[in-house]
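Asker: I am attaching a structure below and will ask some questions about it afterwards.
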Amino acid sequence: MGAIIKSARVQRTHRGLLTGLFALALLCLFCARSLLYDVWTLASLPMIWWSHSERFLISSHADGFDLTFANYSADQTSAAPFEDRVPPILHHVAMGGAGAEHHIAKWQDVRQSCIEVHPGWEVHLWTDEKAATFVADHFPELRDMWEGYRYPIQKIDALRYMILYHYGGVILDMDLQCRRALGPLRRFGFVAPAAHPTGFSVGFMMASRRNEFVGAMVRNLDRYNRHWLGLPYPTVMFSTGCHYASTIHAYQRNRTELKVLAGPPGNFRMHSLNGPVSTPIFNHLGSSSWHSYDAAMIVSLGKSKWKGPLMLVVGSAAAFIVIRRARRRRGVRV
Ligand SMILES: *[C@@H]1O[C@H](CO)[C@@H](O)[C@H](O)[C@H]1NC(C)=O
C-alpha cells in the first residue's frame with residue numbers, strides 16, 4: 001500500500017517537473033521568437049532564393065533583354081524607348097578613415113572610367129564626413145545604430161541602401177571598371193547582379209528613387225543588427241551584407257520587379273562579380289568587395305577577442321572545401 005502511494009507521488013512529481021520544463025521551453029521560445037524568426041529567415045535563404053526566379057531574373061524571352069549587351073551601343077545611357085526609372089546618378093563609397101584616401105587614389109582611374117561613359121550624370125563620392133552628415137540629416141532614427149556598427153564594412157553596406165533609397169541611381173564598388181554605359185538597365189526599378197550560389201551582390205545596384213524594396217532593406221537594418229555568433233564574418237553578412245540584402249529580397253511578397261542580372265542559360269554566371277572577372281559591363285579589378293577593404297577588416301579582426309573561434313571556423317571551412325575538392329576530383333558526387 002505504502003509503496004503504491006509512494007510511486008504515485010513520484011509519478012506526480014515527474015509529471016509536474018515535465019510540465020514545468022515544457023512551460024519553461026515554451027516561455028524561452030516565446031521570448032526568443034524574434035531571434036528565432038530572424039535566424040529562420042537567414043538560414044532559409046538557400047532553400048527559397050530560387051523559387052519563382054523566372055519572374056525576377058532578367059531574360060530575353062520575358063523582357064526582350066539582350067543579356068550579352070552585344071545589341072546595345074556601348075554609350076547608351078538611357079533605356080529609351082523604355083521609360084528610365086533609374087535616375088542618372090552615380091554613387092561610389094570610399095569610407096574608412098585614413099585608408100580611404102589611399103583607396104580613392106588607387107581606384108581613381110577606374111572610377112573615372114564609369115564617370116566618362118555616363119556624361120552629364122550627377123556623381124557622388126561618399127567619404128566618411130559626407131556620409132555621416134547624410135545619415136544624420138536623412139535617417140536620424142538610424143544614426144546611433146549606424147555610428148555604432150562594429151565593422152567599417154557594415155557602415156559602408158548600410159550607407160549603400162540609404163543613399164540608394166534617398167537618391168536612387170547606380171551604386172558601384174570603387175574597383176569596378178565600366179566597359180559600357182548602363183542605360184539599357186535603367187528601365188527596371190531595381191537591378192543587382194546574381195551572386196553564387198544564392199542571392200545577389202551589393203557591390204553594384206541600380207534603383208529608382210524611394211524604391212519600396214530598397215526602403216525595406218533600410219527599414220530592416222535595425223532588426224538584423226546583431227553580433228551573429230560574435231564573429232566578424234557572419235555579423236557582417238547577416239546584419240548588412242549580401243546575405244542580409246538577399247534575405248530581404250527573398251521575403252518580399254512579389255519579387256517580379258526586383259530584377260537580378262544573371263547570364264543566359266548556357267552561361268549563367270556571365271554577370272557574376274565574384275573574384276577578378278570581366279563581364280559584358282564591367283572589369284572587376286579587385287578580388288572582391290571584402291578585399292577592397294582588407295586593411296579596415298584586418299584592423300577590426302585584430303581588435304576582436306574572437307580571433308580563436310574565428311580561426312577554428314575558417315579552418316574547418318577550408319578543410320571542408322579541400323576534402324570536397326579532393327572527392328570531386330575522384331569523381332564522388334557530394
Ligand atoms: C507581381 O507584380 C507584377 C508586376 O508588378 C504583376 O504583373 C503580377 O501580377 C504580380 N504577381 C502577383 C502574384 O501578385
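Chains: A, B, ... in order of the C-alpha cells. Residues: from 1 per chain. Ligands: from 1, in order shown.
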Dump the neighbourhood of ligand 1 as a list of chain:residue names: all residues within 8 Å, distances computed on only C-alpha atoms and all ligand atoms.
Answerer: A:Arg253, A:Asn254, A:Arg255, A:Thr256, A:Glu257
Asker: Considering only C-alpha atoms, return as a count of residues only whatever protein or nucleic-acid residues lie within 12 Å of stretch 206-212 of chain A, sequence-local ones (same chain, fewer than 4 positions apart) excluded.
Answerer: 51
Asker: As a ChimeraX atom specification, which residues of stretch 165-246 of chain A does DSSP assign to strand (DSSP E)?
Answerer: /A:169-172,176-178,190-193,204-207
Asker: Restricting the output to N, CA, C and O atoms, write the selected residues as an mmCIF file, in the first residue's frame.
Answerer:
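part_2.cif was written with the following content:
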```cif
data_model
loop_
_atom_site.group_PDB
_atom_site.id
_atom_site.type_symbol
_atom_site.label_atom_id
_atom_site.label_comp_id
_atom_site.auth_asym_id
_atom_site.auth_seq_id
_atom_site.Cartn_x
_atom_site.Cartn_y
_atom_site.Cartn_z
ATOM 1 N N GLY A 169 19.512 55.826 -58.377
ATOM 2 C CA GLY A 169 20.713 55.891 -59.196
ATOM 3 C C GLY A 169 21.454 54.563 -59.203
ATOM 4 O O GLY A 169 20.860 53.498 -59.019
ATOM 5 N N VAL A 170 22.769 54.664 -59.428
ATOM 6 C CA VAL A 170 23.612 53.475 -59.563
ATOM 7 C C VAL A 170 24.683 53.537 -58.491
ATOM 8 O O VAL A 170 25.339 54.568 -58.330
ATOM 9 N N ILE A 171 24.852 52.445 -57.750
ATOM 10 C CA ILE A 171 25.927 52.414 -56.771
ATOM 11 C C ILE A 171 26.948 51.372 -57.206
ATOM 12 O O ILE A 171 26.592 50.261 -57.597
ATOM 13 N N LEU A 172 28.210 51.791 -57.206
ATOM 14 C CA LEU A 172 29.279 50.945 -57.749
ATOM 15 C C LEU A 172 30.439 50.846 -56.768
ATOM 16 O O LEU A 172 30.842 51.850 -56.174
ATOM 17 N N LEU A 176 35.222 48.574 -59.721
ATOM 18 C CA LEU A 176 34.506 48.163 -60.942
ATOM 19 C C LEU A 176 34.798 49.149 -62.060
ATOM 20 O O LEU A 176 34.469 50.336 -61.960
ATOM 21 N N GLN A 177 35.426 48.647 -63.115
ATOM 22 C CA GLN A 177 35.713 49.481 -64.286
ATOM 23 C C GLN A 177 34.569 49.294 -65.281
ATOM 24 O O GLN A 177 34.203 48.154 -65.581
ATOM 25 N N CYS A 178 34.009 50.411 -65.772
ATOM 26 C CA CYS A 178 32.857 50.305 -66.674
ATOM 27 C C CYS A 178 33.316 50.065 -68.108
ATOM 28 O O CYS A 178 34.102 50.832 -68.658
ATOM 29 N N PHE A 190 14.639 48.120 -60.010
ATOM 30 C CA PHE A 190 15.754 47.646 -59.194
ATOM 31 C C PHE A 190 16.511 46.585 -59.982
ATOM 32 O O PHE A 190 15.895 45.735 -60.615
ATOM 33 N N VAL A 191 17.860 46.659 -59.947
ATOM 34 C CA VAL A 191 18.705 45.630 -60.573
ATOM 35 C C VAL A 191 19.958 45.418 -59.730
ATOM 36 O O VAL A 191 20.571 46.384 -59.262
ATOM 37 N N ALA A 192 20.331 44.150 -59.527
ATOM 38 C CA ALA A 192 21.618 43.811 -58.914
ATOM 39 C C ALA A 192 22.102 42.512 -59.543
ATOM 40 O O ALA A 192 21.285 41.720 -60.027
ATOM 41 N N PRO A 193 23.408 42.274 -59.589
ATOM 42 C CA PRO A 193 23.916 41.062 -60.237
ATOM 43 C C PRO A 193 23.763 39.820 -59.357
ATOM 44 O O PRO A 193 23.918 39.901 -58.138
ATOM 45 N N PHE A 204 27.233 46.312 -56.845
ATOM 46 C CA PHE A 204 26.631 47.035 -57.962
ATOM 47 C C PHE A 204 25.118 46.909 -57.826
ATOM 48 O O PHE A 204 24.591 45.798 -57.814
ATOM 49 N N MET A 205 24.442 48.045 -57.658
ATOM 50 C CA MET A 205 22.977 48.041 -57.586
ATOM 51 C C MET A 205 22.461 49.293 -58.293
ATOM 52 O O MET A 205 23.122 50.332 -58.277
ATOM 53 N N MET A 206 21.299 49.147 -58.914
ATOM 54 C CA MET A 206 20.624 50.294 -59.527
ATOM 55 C C MET A 206 19.205 50.313 -58.977
ATOM 56 O O MET A 206 18.611 49.263 -58.812
ATOM 57 N N ALA A 207 18.674 51.502 -58.728
ATOM 58 C CA ALA A 207 17.294 51.562 -58.242
ATOM 59 C C ALA A 207 16.670 52.905 -58.538
ATOM 60 O O ALA A 207 17.359 53.922 -58.669
#
```
Asker: Determine the nearest neighbour of A:Met270 from the options A:Phe282, A:Trp49, A:Trp228, A:Phe56, counting only C-alpha atoms.
Answerer: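 Distance minimum relative to A:Met270 lands on A:Phe282.
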Asker: So, counting only C-alpha atoms, which residue among A:Leu142, A:Ala136, A:Met174, A:Val10 is closest to A:Asn225?
Answerer: A:Leu142
Asker: Run DSSP on the backbone and tell me which residues of stretch 233-283 of chain A come out as helix (DSSP H, G or I); list them as a list in words.
Answerer: Tyr233, Pro234, Thr235, Val236, Met237, Phe238, Ser239, Cys242, His243, Tyr244, Ala245, Ser246, Thr247, Ile248, His249, Ala250, Pro265, Gly266 and Asn267 of chain A
Asker: For those residues, write C-alpha atoms to a file as a CSV table (one decimal), in the first residue's frame.
Answerer:
```
chain,number,residue,atom,x,y,z
A,233,TYR,CA,32.1,37.3,-41.0
A,234,PRO,CA,28.6,36.2,-40.0
A,235,THR,CA,27.9,39.5,-38.3
A,236,VAL,CA,28.7,41.5,-41.5
A,237,MET,CA,27.0,39.1,-43.9
A,238,PHE,CA,23.8,38.7,-41.7
A,239,SER,CA,23.4,42.3,-40.5
A,242,CYS,CA,24.8,40.3,-49.4
A,243,HIS,CA,23.1,37.6,-47.3
A,244,TYR,CA,21.1,40.2,-45.5
A,245,ALA,CA,20.0,42.0,-48.6
A,246,SER,CA,19.2,38.8,-50.4
A,247,THR,CA,17.1,37.6,-47.5
A,248,ILE,CA,15.0,40.8,-47.6
A,249,HIS,CA,14.6,40.2,-51.3
A,250,ALA,CA,13.5,36.5,-50.8
A,265,PRO,CA,21.0,29.6,-69.5
A,266,GLY,CA,24.3,28.4,-71.1
A,267,ASN,CA,26.4,30.9,-69.3
```
Asker: Using only C-alpha atoms for the distances, tell me which of A:Val39, A:Thr198, A:Arg223, A:Arg179 is nearest to A:Ala70.
Answerer: A:Arg179
Asker: Do you have the atom CA of A:Asn71-atom CA of A:Gly263 distance handy?
Answerer: 14.9 Å
Asker: Could you state the separation of atom CA of A:Gly148 and atom CA of A:Asp175 in Å, given to one decimal place?
Answerer: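 Distance between the two atoms: 26.6 Å.
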Asker: Could you tell me how far atom CA of A:Asp75 lies from atom CA of A:Leu125, in Å and to one decimal?
Answerer: 22.4 Å
